[in-house]
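Source file: run-v2.pdb. Holds: PDB, C-alpha atoms.
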MODEL        1
ATOM      1  CA  MET A 239       0.000   0.000   0.000
ATOM      2  CA  SER A 240       1.354   3.416  -0.881
ATOM      3  CA  ILE A 241       1.723   6.030   1.809
ATOM      4  CA  ARG A 242      -0.430   9.137   2.052
ATOM      5  CA  PRO A 243       2.003  12.068   2.022
ATOM      6  CA  ARG A 244       1.184  14.964   4.286
ATOM      7  CA  ILE A 245       0.369  18.155   2.392
ATOM      8  CA  ALA A 246      -0.301  21.443   4.184
ATOM      9  CA  VAL A 247      -3.039  23.611   2.669
ATOM     10  CA  LEU A 248      -2.600  27.120   4.040
ATOM     11  CA  VAL A 249      -5.592  29.145   5.188
ATOM     12  CA  PHE A 250      -5.393  32.939   5.132
ATOM     13  CA  PRO A 251      -8.199  35.240   6.194
ATOM     14  CA  GLY A 252     -10.164  35.344   2.942
ATOM     15  CA  SER A 253      -9.030  32.002   1.497
ATOM     16  CA  ASN A 254     -12.020  30.189   0.022
ATOM     17  CA  ASP A 255     -10.739  27.249  -1.993
ATOM     18  CA  ASP A 256      -8.839  25.655   0.878
ATOM     19  CA  ARG A 257     -11.448  22.973   1.579
ATOM     20  CA  ASP A 258     -11.813  22.046  -2.086
ATOM     21  CA  ALA A 259      -8.040  21.630  -2.240
ATOM     22  CA  VAL A 260      -8.052  19.382   0.841
ATOM     23  CA  TRP A 261     -10.877  17.303  -0.602
ATOM     24  CA  ALA A 262      -9.224  16.936  -4.022
ATOM     25  CA  LEU A 263      -5.803  16.050  -2.600
ATOM     26  CA  GLY A 264      -7.427  13.566  -0.214
ATOM     27  CA  ALA A 265      -9.253  11.918  -3.114
ATOM     28  CA  LEU A 266      -5.903  11.641  -4.914
ATOM     29  CA  GLY A 267      -4.177   9.858  -2.047
ATOM     30  CA  ALA A 268      -2.730  12.626   0.137
ATOM     31  CA  ASP A 269      -3.165  13.370   3.818
ATOM     32  CA  ALA A 270      -4.070  17.032   3.324
ATOM     33  CA  GLN A 271      -4.388  19.296   6.345
ATOM     34  CA  LEU A 272      -5.529  22.879   6.750
ATOM     35  CA  VAL A 273      -2.888  25.117   8.335
ATOM     36  CA  TRP A 274      -3.778  28.588   9.658
ATOM     37  CA  HIS A 275      -1.606  31.433   8.358
ATOM     38  CA  ALA A 276      -0.559  32.552  11.851
ATOM     39  CA  GLU A 277       1.181  29.232  12.629
ATOM     40  CA  ASP A 278       4.915  29.604  12.769
ATOM     41  CA  ALA A 279       5.588  26.016  11.742
ATOM     42  CA  LEU A 280       4.134  23.462   9.355
ATOM     43  CA  PRO A 281       2.748  20.197  10.787
ATOM     44  CA  ARG A 282       5.333  17.478  11.408
ATOM     45  CA  ASP A 283       6.288  15.498   8.293
ATOM     46  CA  THR A 284       4.778  18.032   5.900
ATOM     47  CA  ALA A 285       6.115  17.047   2.494
ATOM     48  CA  ALA A 286       4.497  19.716   0.349
ATOM     49  CA  VAL A 287       2.449  22.905   0.581
ATOM     50  CA  VAL A 288      -0.538  24.331  -1.268
ATOM     51  CA  LEU A 289      -1.435  28.021  -1.212
ATOM     52  CA  PRO A 290      -5.105  27.947  -2.200
ATOM     53  CA  GLY A 291      -7.365  30.374  -4.004
ATOM     54  CA  GLY A 292      -9.377  33.144  -2.435
ATOM     55  CA  PHE A 293      -8.946  36.778  -1.503
ATOM     56  CA  SER A 294      -6.353  36.749   1.282
ATOM     57  CA  TYR A 295      -6.547  39.883   3.415
ATOM     58  CA  GLY A 296      -9.256  41.212   1.120
ATOM     59  CA  ASP A 297      -6.686  41.716  -1.658
ATOM     60  CA  TYR A 298      -5.639  44.881   0.182
ATOM     61  CA  LEU A 299      -2.850  46.914  -1.440
ATOM     62  CA  ARG A 300      -2.208  44.308  -4.178
ATOM     63  CA  CYS A 301      -3.345  40.690  -4.416
ATOM     64  CA  GLY A 302      -1.024  38.609  -2.247
ATOM     65  CA  ALA A 303       1.038  41.565  -1.003
ATOM     66  CA  ILE A 304      -0.069  41.237   2.619
ATOM     67  CA  ALA A 305      -0.279  37.442   2.732
ATOM     68  CA  ARG A 306       3.371  37.081   1.822
ATOM     69  CA  LEU A 307       4.187  38.487   5.282
ATOM     70  CA  ALA A 308       2.152  35.815   7.134
ATOM     71  CA  PRO A 309       4.165  33.959   9.801
ATOM     72  CA  VAL A 310       3.680  30.560   8.134
ATOM     73  CA  LEU A 311       5.367  31.828   4.968
ATOM     74  CA  ASP A 312       8.795  31.556   6.610
ATOM     75  CA  SER A 313       8.293  27.800   6.897
ATOM     76  CA  VAL A 314       7.086  27.651   3.313
ATOM     77  CA  ARG A 315      10.243  29.447   2.149
ATOM     78  CA  GLU A 316      12.349  26.938   4.097
ATOM     79  CA  LEU A 317      10.506  23.981   2.605
ATOM     80  CA  ALA A 318      10.833  25.455  -0.891
ATOM     81  CA  ALA A 319      14.542  26.167  -0.394
ATOM     82  CA  ALA A 320      15.008  22.538   0.651
ATOM     83  CA  GLY A 321      13.413  21.389  -2.619
ATOM     84  CA  GLY A 322       9.930  20.671  -1.262
ATOM     85  CA  PRO A 323       7.044  20.963  -3.741
ATOM     86  CA  VAL A 324       4.989  24.156  -3.368
ATOM     87  CA  LEU A 325       1.849  24.782  -5.405
ATOM     88  CA  GLY A 326       0.045  28.126  -5.607
ATOM     89  CA  ILE A 327      -3.437  28.189  -7.090
ATOM     90  CA  CYS A 328      -4.993  31.515  -8.144
ATOM     91  CA  ASN A 329      -4.568  33.745  -5.065
ATOM     92  CA  GLY A 330      -1.811  31.331  -4.021
ATOM     93  CA  PHE A 331      -0.043  32.079  -7.323
ATOM     94  CA  GLN A 332      -0.412  35.807  -6.633
ATOM     95  CA  ILE A 333       1.078  35.343  -3.157
ATOM     96  CA  LEU A 334       4.056  33.338  -4.472
ATOM     97  CA  CYS A 335       4.785  36.075  -7.037
ATOM     98  CA  GLU A 336       4.572  38.820  -4.414
ATOM     99  CA  ALA A 337       6.788  36.736  -2.120
ATOM    100  CA  GLY A 338       9.428  36.497  -4.834
ATOM    101  CA  LEU A 339       9.166  32.701  -4.931
ATOM    102  CA  LEU A 340       7.850  32.890  -8.500
ATOM    103  CA  PRO A 341       8.696  35.384 -11.263
ATOM    104  CA  GLY A 342       6.322  38.012 -12.620
ATOM    105  CA  VAL A 343       3.158  39.495 -11.195
ATOM    106  CA  LEU A 344      -0.598  39.067 -11.654
ATOM    107  CA  ARG A 345      -2.459  42.175 -12.805
ATOM    108  CA  ARG A 346      -6.039  43.208 -13.409
ATOM    109  CA  ASN A 347      -7.514  41.278 -16.351
ATOM    110  CA  ARG A 348      -7.088  43.148 -19.624
ATOM    111  CA  ASP A 349     -10.838  43.581 -20.156
ATOM    112  CA  LEU A 350     -11.486  44.386 -16.476
ATOM    113  CA  ASP A 351     -13.925  41.489 -16.243
ATOM    114  CA  PHE A 352     -14.054  38.712 -13.703
ATOM    115  CA  VAL A 353     -13.459  35.608 -15.832
ATOM    116  CA  CYS A 354     -15.332  32.606 -14.475
ATOM    117  CA  ARG A 355     -15.516  29.647 -16.856
ATOM    118  CA  ASP A 356     -13.798  26.534 -18.121
ATOM    119  CA  VAL A 357     -10.735  27.357 -20.206
ATOM    120  CA  ARG A 358      -8.581  25.220 -22.439
ATOM    121  CA  LEU A 359      -4.927  25.090 -21.466
ATOM    122  CA  ARG A 360      -1.838  23.746 -23.171
ATOM    123  CA  VAL A 361       0.930  22.025 -21.249
ATOM    124  CA  ASP A 362       4.163  23.381 -22.727
ATOM    125  CA  ARG A 363       6.578  21.773 -20.302
ATOM    126  CA  THR A 364       6.254  18.310 -18.851
ATOM    127  CA  ASP A 365       9.667  18.410 -17.164
ATOM    128  CA  THR A 366       8.254  19.564 -13.825
ATOM    129  CA  ILE A 367       6.927  17.512 -10.927
ATOM    130  CA  PHE A 368       3.550  19.203 -11.476
ATOM    131  CA  THR A 369       3.118  18.249 -15.129
ATOM    132  CA  ALA A 370       4.945  14.911 -15.096
ATOM    133  CA  ARG A 371       1.702  13.035 -15.793
ATOM    134  CA  CYS A 372       0.904  15.142 -18.878
ATOM    135  CA  GLN A 373       2.019  14.745 -22.495
ATOM    136  CA  PRO A 374       3.901  17.622 -24.178
ATOM    137  CA  GLY A 375       1.363  19.917 -25.824
ATOM    138  CA  GLN A 376      -1.547  18.171 -24.106
ATOM    139  CA  GLU A 377      -4.717  20.236 -23.806
ATOM    140  CA  LEU A 378      -6.453  20.391 -20.440
ATOM    141  CA  THR A 379      -9.816  21.904 -19.570
ATOM    142  CA  ILE A 380      -9.789  23.516 -16.137
ATOM    143  CA  PRO A 381     -11.936  26.372 -14.782
ATOM    144  CA  VAL A 382     -10.632  29.842 -13.950
ATOM    145  CA  LYS A 383     -12.335  32.419 -11.717
ATOM    146  CA  HIS A 384     -10.372  35.596 -11.249
ATOM    147  CA  GLY A 385     -10.367  39.327 -11.802
ATOM    148  CA  GLU A 386      -6.614  39.775 -11.457
ATOM    149  CA  GLY A 387      -5.010  36.924 -13.305
ATOM    150  CA  SER A 388      -3.231  38.649 -16.126
ATOM    151  CA  TRP A 389       0.338  37.497 -15.669
ATOM    152  CA  TYR A 390       2.969  40.065 -16.552
ATOM    153  CA  ALA A 391       6.718  40.044 -17.083
ATOM    154  CA  ASP A 392       8.686  42.539 -19.127
ATOM    155  CA  GLU A 393      10.288  41.417 -22.374
ATOM    156  CA  SER A 394      13.691  40.533 -20.995
ATOM    157  CA  LEU A 395      12.284  38.566 -18.042
ATOM    158  CA  TYR A 396       9.843  36.791 -20.360
ATOM    159  CA  GLU A 397      12.624  35.710 -22.711
ATOM    160  CA  GLU A 398      14.733  34.564 -19.801
ATOM    161  CA  LEU A 399      11.883  32.434 -18.426
ATOM    162  CA  GLU A 400      11.058  31.057 -21.851
ATOM    163  CA  ALA A 401      14.683  30.020 -22.385
ATOM    164  CA  ALA A 402      14.797  28.400 -18.948
ATOM    165  CA  GLY A 403      11.619  26.436 -19.638
ATOM    166  CA  GLN A 404       9.718  28.018 -16.749
ATOM    167  CA  LEU A 405       6.608  28.933 -18.744
ATOM    168  CA  VAL A 406       4.856  25.648 -18.063
ATOM    169  CA  LEU A 407       1.198  26.214 -18.856
ATOM    170  CA  ARG A 408      -0.533  28.513 -21.362
ATOM    171  CA  TYR A 409      -4.105  29.396 -22.202
ATOM    172  CA  ALA A 410      -5.113  27.756 -25.478
ATOM    173  CA  GLU A 411      -7.752  30.472 -25.921
ATOM    174  CA  ASP A 412      -8.011  34.158 -25.075
ATOM    175  CA  CYS A 413      -8.526  34.511 -21.325
ATOM    176  CA  ASN A 414      -7.215  37.574 -19.507
ATOM    177  CA  GLY A 415      -4.446  39.278 -21.486
ATOM    178  CA  SER A 416      -1.531  37.444 -19.855
ATOM    179  CA  VAL A 417       1.808  38.037 -21.552
ATOM    180  CA  GLY A 418       2.376  35.080 -23.889
ATOM    181  CA  ASP A 419      -0.969  33.634 -22.715
ATOM    182  CA  VAL A 420       0.909  32.269 -19.717
ATOM    183  CA  ALA A 421      -1.340  30.492 -17.221
ATOM    184  CA  GLY A 422       1.262  28.803 -15.015
ATOM    185  CA  VAL A 423       4.926  29.401 -14.161
ATOM    186  CA  CYS A 424       7.537  27.523 -12.159
ATOM    187  CA  ASN A 425      10.681  28.703 -10.410
ATOM    188  CA  GLU A 426      14.193  28.074 -11.664
ATOM    189  CA  GLU A 427      14.581  24.997  -9.454
ATOM    190  CA  ARG A 428      11.208  23.710 -10.774
ATOM    191  CA  ASN A 429       9.798  22.788  -7.339
ATOM    192  CA  VAL A 430       7.519  25.835  -6.947
ATOM    193  CA  PHE A 431       4.639  26.235  -9.378
ATOM    194  CA  GLY A 432       1.775  28.702  -9.587
ATOM    195  CA  LEU A 433      -1.229  28.772 -11.903
ATOM    196  CA  MET A 434      -4.416  30.803 -12.175
ATOM    197  CA  PRO A 435      -6.745  27.925 -13.187
ATOM    198  CA  HIS A 436      -8.196  25.762 -10.423
ATOM    199  CA  PRO A 437      -7.209  22.095 -10.770
ATOM    200  CA  GLU A 438      -8.938  21.331  -7.451
ATOM    201  CA  HIS A 439     -12.275  22.180  -9.092
ATOM    202  CA  ALA A 440     -11.645  19.714 -11.909
ATOM    203  CA  VAL A 441     -10.888  16.332 -10.374
ATOM    204  CA  ASP A 442     -14.061  14.511 -11.315
ATOM    205  CA  PRO A 443     -15.771  14.318 -14.743
ATOM    206  CA  LEU A 444     -19.036  14.759 -12.865
ATOM    207  CA  LEU A 445     -17.959  18.380 -12.237
ATOM    208  CA  GLY A 446     -17.274  19.021 -15.914
ATOM    209  CA  SER A 447     -13.660  17.916 -16.190
ATOM    210  CA  GLY A 448     -11.232  15.593 -14.484
ATOM    211  CA  ASP A 449      -8.153  17.204 -16.047
ATOM    212  CA  GLY A 450      -7.094  19.000 -12.867
ATOM    213  CA  ALA A 451      -6.414  15.614 -11.328
ATOM    214  CA  LEU A 452      -3.514  15.134 -13.762
ATOM    215  CA  LEU A 453      -1.707  18.090 -12.191
ATOM    216  CA  LEU A 454      -2.677  17.399  -8.589
ATOM    217  CA  ALA A 455      -1.918  13.671  -8.777
ATOM    218  CA  ALA A 456       1.565  14.458 -10.090
ATOM    219  CA  PHE A 457       2.005  16.885  -7.186
ATOM    220  CA  VAL A 458       0.906  14.154  -4.750
ATOM    221  CA  ASP A 459       3.412  11.776  -6.424
ATOM    222  CA  ALA A 460       6.163  14.321  -5.750
ATOM    223  CA  ALA A 461       5.055  14.753  -2.138
ATOM    224  CA  ARG A 462       5.071  10.975  -1.696
ATOM    225  CA  GLU A 463       8.564  10.673  -3.160
ATOM    226  CA  ARG A 464       9.797  13.388  -0.862
ATOM    227  CA  THR A 465       8.223  11.685   2.160
ATOM    228  CA  LEU A 466       9.968   8.422   1.273
ATOM    229  CA  ALA A 467      13.257  10.231   0.641
ATOM    230  CA  LEU A 468      13.141  11.965   4.027
ATOM    231  CA  ALA A 469      12.050   8.839   5.947
TER     232      ALA A 469
ATOM    233  CA  MET B 172       6.002  63.820   9.619
ATOM    234  CA  ARG B 173       3.277  63.530   7.012
ATOM    235  CA  VAL B 174       4.447  61.735   3.890
ATOM    236  CA  THR B 175       2.378  60.976   0.810
ATOM    237  CA  VAL B 176       3.265  58.214  -1.608
ATOM    238  CA  LEU B 177       1.871  58.373  -5.127
ATOM    239  CA  VAL B 178       1.874  54.985  -6.828
ATOM    240  CA  ARG B 179       1.419  54.879 -10.577
ATOM    241  CA  PRO B 180       1.269  52.155 -13.186
ATOM    242  CA  LYS B 181       4.720  52.254 -14.785
ATOM    243  CA  GLN B 182       5.045  54.121 -18.048
ATOM    244  CA  GLY B 183       4.399  51.873 -21.008
ATOM    245  CA  ILE B 184       2.382  49.399 -18.955
ATOM    246  CA  LEU B 185      -1.164  48.877 -20.130
ATOM    247  CA  ASP B 186      -3.628  50.369 -17.642
ATOM    248  CA  PRO B 187      -7.076  49.010 -18.514
ATOM    249  CA  GLN B 188      -8.587  50.769 -15.510
ATOM    250  CA  GLY B 189      -7.292  54.113 -16.771
ATOM    251  CA  GLU B 190      -8.638  53.367 -20.245
ATOM    252  CA  ALA B 191     -12.077  52.592 -18.798
ATOM    253  CA  VAL B 192     -12.027  55.850 -16.821
ATOM    254  CA  GLN B 193     -10.989  57.803 -19.913
ATOM    255  CA  GLY B 194     -13.781  56.198 -21.953
ATOM    256  CA  SER B 195     -16.347  57.012 -19.279
ATOM    257  CA  LEU B 196     -15.216  60.638 -19.032
ATOM    258  CA  CYS B 197     -15.481  60.969 -22.798
ATOM    259  CA  LYS B 198     -19.010  59.524 -22.624
ATOM    260  CA  LEU B 199     -19.870  62.317 -20.173
ATOM    261  CA  GLY B 200     -18.743  64.816 -22.766
ATOM    262  CA  PHE B 201     -15.323  65.628 -21.321
ATOM    263  CA  SER B 202     -12.426  65.816 -23.688
ATOM    264  CA  VAL B 203      -9.801  63.591 -22.091
ATOM    265  CA  GLY B 204      -6.842  62.295 -24.098
ATOM    266  CA  GLY B 205      -5.676  59.799 -21.500
ATOM    267  CA  ALA B 206      -6.137  58.596 -17.942
ATOM    268  CA  ARG B 207      -3.957  56.463 -15.680
ATOM    269  CA  VAL B 208      -5.214  55.235 -12.332
ATOM    270  CA  GLY B 209      -2.830  54.764  -9.436
ATOM    271  CA  ARG B 210      -2.978  54.735  -5.660
ATOM    272  CA  LEU B 211      -2.209  57.213  -2.910
ATOM    273  CA  VAL B 212      -0.863  56.298   0.523
ATOM    274  CA  ASP B 213      -0.714  58.873   3.323
ATOM    275  CA  LEU B 214       1.770  58.001   6.047
ATOM    276  CA  GLU B 215       2.619  59.458   9.416
ATOM    277  CA  VAL B 216       6.351  58.777   9.748
ATOM    278  CA  GLU B 217       8.600  59.272  12.752
ATOM    279  CA  ALA B 218      11.744  60.931  11.464
ATOM    280  CA  SER B 219      14.061  63.717  12.511
ATOM    281  CA  SER B 220      14.472  65.176   9.041
ATOM    282  CA  ALA B 221      12.796  65.173   5.647
ATOM    283  CA  THR B 222      15.821  63.390   4.191
ATOM    284  CA  GLU B 223      15.546  60.630   6.756
ATOM    285  CA  ALA B 224      11.787  60.311   6.190
ATOM    286  CA  LYS B 225      12.254  60.117   2.452
ATOM    287  CA  ALA B 226      14.869  57.386   2.721
ATOM    288  CA  GLU B 227      12.647  55.405   5.080
ATOM    289  CA  VAL B 228       9.592  55.702   2.836
ATOM    290  CA  GLU B 229      11.645  54.729  -0.207
ATOM    291  CA  ARG B 230      12.421  51.455   1.523
ATOM    292  CA  MET B 231       8.730  51.006   2.369
ATOM    293  CA  CYS B 232       7.917  51.443  -1.306
ATOM    294  CA  GLN B 233      10.497  48.883  -2.350
ATOM    295  CA  GLU B 234       9.515  46.338   0.284
ATOM    296  CA  LEU B 235       5.730  46.599   0.334
ATOM    297  CA  LEU B 236       3.923  49.631  -1.017
ATOM    298  CA  THR B 237       4.732  49.073  -4.679
ATOM    299  CA  ASN B 238       5.545  46.208  -6.989
ATOM    300  CA  PRO B 239       8.539  47.490  -8.982
ATOM    301  CA  LEU B 240       7.699  45.251 -11.943
ATOM    302  CA  ILE B 241       4.618  47.288 -12.756
ATOM    303  CA  GLU B 242       4.509  50.384 -10.566
ATOM    304  CA  SER B 243       6.523  53.558 -10.085
ATOM    305  CA  PHE B 244       6.284  55.844  -7.084
ATOM    306  CA  GLU B 245       6.798  59.430  -6.050
ATOM    307  CA  ILE B 246       7.253  60.620  -2.478
ATOM    308  CA  GLU B 247       5.902  63.954  -1.270
ATOM    309  CA  ILE B 248       6.784  65.318   2.144
ATOM    310  CA  ALA B 249       4.410  67.850   3.697
ATOM    311  CA  GLU B 250       6.067  71.114   4.768
ATOM    312  CA  ALA B 251       6.334  71.277   8.555
TER     313      ALA B 251
ENDMDL
END
Please re-express this file's structure in structure tokens.
Amino acid sequence: MSIRPRIAVLVFPGSNDDRDAVWALGALGADAQLVWHAEDALPRDTAAVVLPGGFSYGDYLRCGAIARLAPVLDSVRELAAAGGPVLGICNGFQILCEAGLLPGVLRRNRDLDFVCRDVRLRVDRTDTIFTARCQPGQELTIPVKHGEGSWYADESLYEELEAAGQLVLRYAEDCNGSVGDVAGVCNEERNVFGLMPHPEHAVDPLLGSGDGALLLAAFVDAARERTLALA
Amino acid sequence: MRVTVLVRPKQGILDPQGEAVQGSLCKLGFSVGGARVGRLVDLEVEASSATEAKAEVERMCQELLTNPLIESFEIEIAEA
């Protein structure tokens, strides 16, 4: 029997996709636990971390700008620096960008609308622990729901990230005006990944699509491997 | 010391909010060639001189108040 790796799902004031993330990760074989933002340590044996969607701190100042100062973020930085998998979904992606753990920034959608629908995505890089279960160029259908999901990097940063293979996931249709239609980015070390779409809302065909499970199951695989490696 | 920080979308960066404001003003009959929407932060800073206050607020801008990828800032210090 395979082990259930422990994954911490952070909860900030204003998070609202934390429970969906716990449910989805649990269904995919993880022992997912909610962790309040004011904790100064992650639960024992935490192998990976999810920063879920929502509106942490009411999106005050800029999305994610306040949350990056939460006490628990120090532990997340440590885990990330030690190679632990960290996944930011929507507001979690915004927080990771503001925290400097991921490159770029999420801005107001180009058309100022709140985009809430299924979108088609294209997996451009499968050489990450998050996309290891996907085929190169594979299309996924996963819902988005955001008003500030337009990812931005200036030309030189964009080219640098492109060359380094960090632009992992792109919209296969017009969505929010992101530079290069980028929907998901990883860090240089490839163990931190953020995306605007919500894989945790797409883990069962009954809910419209099961494609999100491909990403989350790969993330659970990585958490399991890390648990075994640290044991 | 009263310090005001003006945060603006960086030059050359698309500002859809500003464009929407410009469009709305034009609809009202105003002749507006462009609009950019930023943010204003009023601070009460403990400092012994304007120079010291400015340096302190510059650090605040770099560390929290602005995102240098997309925003520029200007610091105004109220005359004592």
Give the residues of chain A that lie within 8 Å of chain B; count only C-alpha atoms, and format the answer as a PyMOL selection string. chain A and resi 299+303+336+342-343+346+348-350+391-392
Within 10 Å of stretch 309-326 of chain A using all atoms listed in the file, minus same-chain residues under 3 positions, as a ChimeraX atom specification: /A:245-250,273-280,284-291,305-306,329-335,337-340,367-368,422-424,427-434,436,454,457-458,460-461,464-465
Distance query stretch 402-411 of chain A at most 8 Å, only C-alpha atoms, self and fewer than 3 positions along chain excluded, as a ChimeraX atom specification: /A:357-364,377,398-399,418-426,428,433
Measuring atom to atom with all atoms listed in the file, identify which of A:Leu445, A:Leu266, A:Cys413, A:Leu452 is nearest to A:Leu378. A:Leu452
With all atoms of stretch 203-215 of chain B from the file as input, state the centre and edge lengths in Å to one decimal of the axis-aligned box that has 8 Å extra on each side, as AutoDock Vina command-line options.
--center_x -3.6 --center_y 59.2 --center_z -7.3 --size_x 28.4 --size_y 24.9 --size_z 49.5
Within 8 Å of (-1.3, 57.4, -3.2), in the coordinates the file gives, what residues turn up when you count all atoms listed in the file, written out as a list in words? Thr175, Val176, Leu177, Val178, Gly209, Arg210, Leu211, Val212 and Asp213 of chain B
Set the distance at 8 Å and use only C-alpha atoms: which residues neighbour B:Arg179 once local chain neighbours fewer than 4 positions away are removed? I'd like the list as a PyMOL selection string. chain B and resi 207-210+242-244
How about completing stretch 344-360 of chain A with N, CA and C atoms and giving it to me as a PDB file, in the frame of the given file?
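After the write, rebuild_12.pdb holds the following:
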ATOM      1  N   LEU A 344       0.742  39.191 -11.086  1.00  0.00           N
ATOM      2  CA  LEU A 344      -0.598  39.067 -11.654  1.00  0.00           C
ATOM      3  C   LEU A 344      -1.284  40.416 -11.582  1.00  0.00           C
ATOM      4  N   ARG A 345      -1.819  40.864 -12.723  1.00  0.00           N
ATOM      5  CA  ARG A 345      -2.459  42.175 -12.805  1.00  0.00           C
ATOM      6  C   ARG A 345      -3.937  42.026 -13.128  1.00  0.00           C
ATOM      7  N   ARG A 346      -4.635  43.147 -13.023  1.00  0.00           N
ATOM      8  CA  ARG A 346      -6.039  43.208 -13.409  1.00  0.00           C
ATOM      9  C   ARG A 346      -6.218  42.630 -14.812  1.00  0.00           C
ATOM     10  N   ASN A 347      -7.262  41.838 -15.023  1.00  0.00           N
ATOM     11  CA  ASN A 347      -7.514  41.278 -16.351  1.00  0.00           C
ATOM     12  C   ASN A 347      -7.628  42.394 -17.388  1.00  0.00           C
ATOM     13  N   ARG A 348      -7.134  42.116 -18.578  1.00  0.00           N
ATOM     14  CA  ARG A 348      -7.088  43.148 -19.624  1.00  0.00           C
ATOM     15  C   ARG A 348      -8.444  43.812 -19.842  1.00  0.00           C
ATOM     16  N   ASP A 349      -9.520  43.011 -19.863  1.00  0.00           N
ATOM     17  CA  ASP A 349     -10.838  43.581 -20.156  1.00  0.00           C
ATOM     18  C   ASP A 349     -11.606  43.966 -18.889  1.00  0.00           C
ATOM     19  N   LEU A 350     -10.922  43.967 -17.767  1.00  0.00           N
ATOM     20  CA  LEU A 350     -11.486  44.386 -16.476  1.00  0.00           C
ATOM     21  C   LEU A 350     -12.617  43.477 -15.979  1.00  0.00           C
ATOM     22  N   ASP A 351     -12.827  42.359 -16.664  1.00  0.00           N
ATOM     23  CA  ASP A 351     -13.925  41.489 -16.243  1.00  0.00           C
ATOM     24  C   ASP A 351     -13.431  40.397 -15.300  1.00  0.00           C
ATOM     25  N   PHE A 352     -14.362  39.859 -14.537  1.00  0.00           N
ATOM     26  CA  PHE A 352     -14.054  38.712 -13.703  1.00  0.00           C
ATOM     27  C   PHE A 352     -14.338  37.487 -14.565  1.00  0.00           C
ATOM     28  N   VAL A 353     -13.293  36.757 -14.939  1.00  0.00           N
ATOM     29  CA  VAL A 353     -13.459  35.608 -15.832  1.00  0.00           C
ATOM     30  C   VAL A 353     -13.768  34.378 -14.992  1.00  0.00           C
ATOM     31  N   CYS A 354     -14.912  33.760 -15.257  1.00  0.00           N
ATOM     32  CA  CYS A 354     -15.332  32.606 -14.475  1.00  0.00           C
ATOM     33  C   CYS A 354     -15.913  31.563 -15.425  1.00  0.00           C
ATOM     34  N   ARG A 355     -15.053  30.674 -15.908  1.00  0.00           N
ATOM     35  CA  ARG A 355     -15.516  29.647 -16.856  1.00  0.00           C
ATOM     36  C   ARG A 355     -14.429  28.604 -17.050  1.00  0.00           C
ATOM     37  N   ASP A 356     -14.794  27.523 -17.733  1.00  0.00           N
ATOM     38  CA  ASP A 356     -13.798  26.534 -18.121  1.00  0.00           C
ATOM     39  C   ASP A 356     -12.922  27.137 -19.206  1.00  0.00           C
ATOM     40  N   VAL A 357     -11.613  26.934 -19.112  1.00  0.00           N
ATOM     41  CA  VAL A 357     -10.735  27.357 -20.206  1.00  0.00           C
ATOM     42  C   VAL A 357      -9.890  26.174 -20.653  1.00  0.00           C
ATOM     43  N   ARG A 358      -9.486  26.240 -21.920  1.00  0.00           N
ATOM     44  CA  ARG A 358      -8.581  25.220 -22.439  1.00  0.00           C
ATOM     45  C   ARG A 358      -7.147  25.691 -22.215  1.00  0.00           C
ATOM     46  N   LEU A 359      -6.325  24.776 -21.763  1.00  0.00           N
ATOM     47  CA  LEU A 359      -4.927  25.090 -21.466  1.00  0.00           C
ATOM     48  C   LEU A 359      -4.033  24.167 -22.281  1.00  0.00           C
ATOM     49  N   ARG A 360      -2.807  24.610 -22.490  1.00  0.00           N
ATOM     50  CA  ARG A 360      -1.838  23.746 -23.171  1.00  0.00           C
ATOM     51  C   ARG A 360      -0.621  23.567 -22.269  1.00  0.00           C
TER      52      ARG A 360
END
